[in-house]
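> Handing you this structure, nothing more for now.
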Amino acid sequence: MSKDTHRADERRFLDERGSSAALAPNGLNPATIMEKAVRERIVDSYFWKEQCFGVNEADVVDRVVDHVSFVGGTYGSTQKPTPFLCLAFKLLQLAPDDAVLAEYLGYGGDRFKYLRALACFYVRLTRRAENVHKLLEPFLEDRRKLRRKGRAGTSLTFVDQFVDDLLTKDRVCATSLWQMPKREILEDLELLEPRVSPLGDIEDLLEEDDDENGDVEMNGDGANSDARADSDEEGLIDEDRSDRSRRRSTSGSSRRGGSRHRSRSRSRDDMDVDRSDASSGDER
């Protein structure tokens, strides 16, 4: 049977690729990159049997534009495979070369954003670590929106966030990703050049943040010290006022006491005068 002949039962791909077909550029078997349970759900799905039979690399573009409206692995209570995952498994079967992948990744606009996401996912599954970084890192600046569907429901994400998940996480879209060496190791081996962030030097940004935080803390301490000084001064003023009021009250009470003492002494003197007058009248 010729190479371009497609069988109605795609399980033939799962049986033969391990022994007769070439491996992926990263050395993995394309037929066994996805888990067995996921592969069986894909092959048994209605979308795979209807839309993925007898297609080539050019037909994949039409299938993505017409049928893919979200990224994801499996969804729902039955863990139904998404069209995105089915087409990713089809790419594993077709094994497109680098020129075809460059065409997939080069498409722009909202109409082909899911095609770019699919190509990035396939690159992460099949390419070597240094090639994965070189091909995917330019798309960390892609701000186009994507819908992601999973068991918990549908959520909003972006192309750059999806690419970052492919570079940093171990499992994406119900697929365990092969463990790549860290970028620092690839830089030490001189397989990659140090990446320059669009934001600038990270160390300079961190130093600026530290300086800004230090200035804010100093301003906060100055404001607190001023507030404390004001509160202390207010306390002193209140104490002075209380002392003055106490002095006034004591002086007022002493004055009242003196006037009462004077009135009593006057009354006593008057009584003594009256008594002396009465005694002198009796003698007369």
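By convention in this document, the chains of the structure tokens carry letters A, B, ... by their order, each chain's residues are numbered from 1, and ligands are numbered from 1 in the order they are shown.
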Might you pull out every residue within 6 Å of region 115-121 of chain A, with only C-alpha atoms counted and same-chain residues fewer than 2 positions away left off, and present them as a list in words?
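Within the cut-off, the hits are Tyr104, Leu105, Phe112, Lys113, Val123 and Arg124 of chain A.
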> Write out as a list in words which residues come within 9 Å of Glu137 (chain A) when counting only C-alpha atoms, dropping same-chain ones fewer than 6 positions away.
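So, after excluding close chain neighbours, the residues are Asp160, Val163, Asp164, Leu167 and Arg195 of chain A.
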> Quick one: pull the distance between CA of Thr157 (chain A) and CA of Val100 (chain A), Å, one decimal.
25.9 Å
> Which neighbours of region 78-85 of chain A fall inside 12 Å, counting only C-alpha atoms, when residues of the same chain fewer than 2 positions from it are skipped, and could you give them as a PyMOL selection string?
chain A and resi 34+37-52+60-61+63-76+87-92+114-122+147-153+172-175
> Which value, in Å to one decimal, gives the distance between CA of Ala22 (chain A) and CA of Ala95 (chain A)?
9.5 Å
> May I ask for the distance between CA of Gly108 (chain A) and CA of Arg144 (chain A), given in Å to one decimal place?
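The value is 9.9 Å.
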> Please report, as a VMD selection string, each residue of region 81-204 of chain A to which DSSP assigns strand (DSSP E or B) when run on this structure's backbone.
chain A and resid 81 145 to 150 153 to 158 171 to 172 175 to 176
> For Thr168 (chain A), list every protein, DNA or RNA residue within 10 Å, evaluated using only C-alpha atoms, and leave out those in the same chain fewer than 6 positions away; present the list as a ChimeraX atom specification.
/A:177,179-180,182
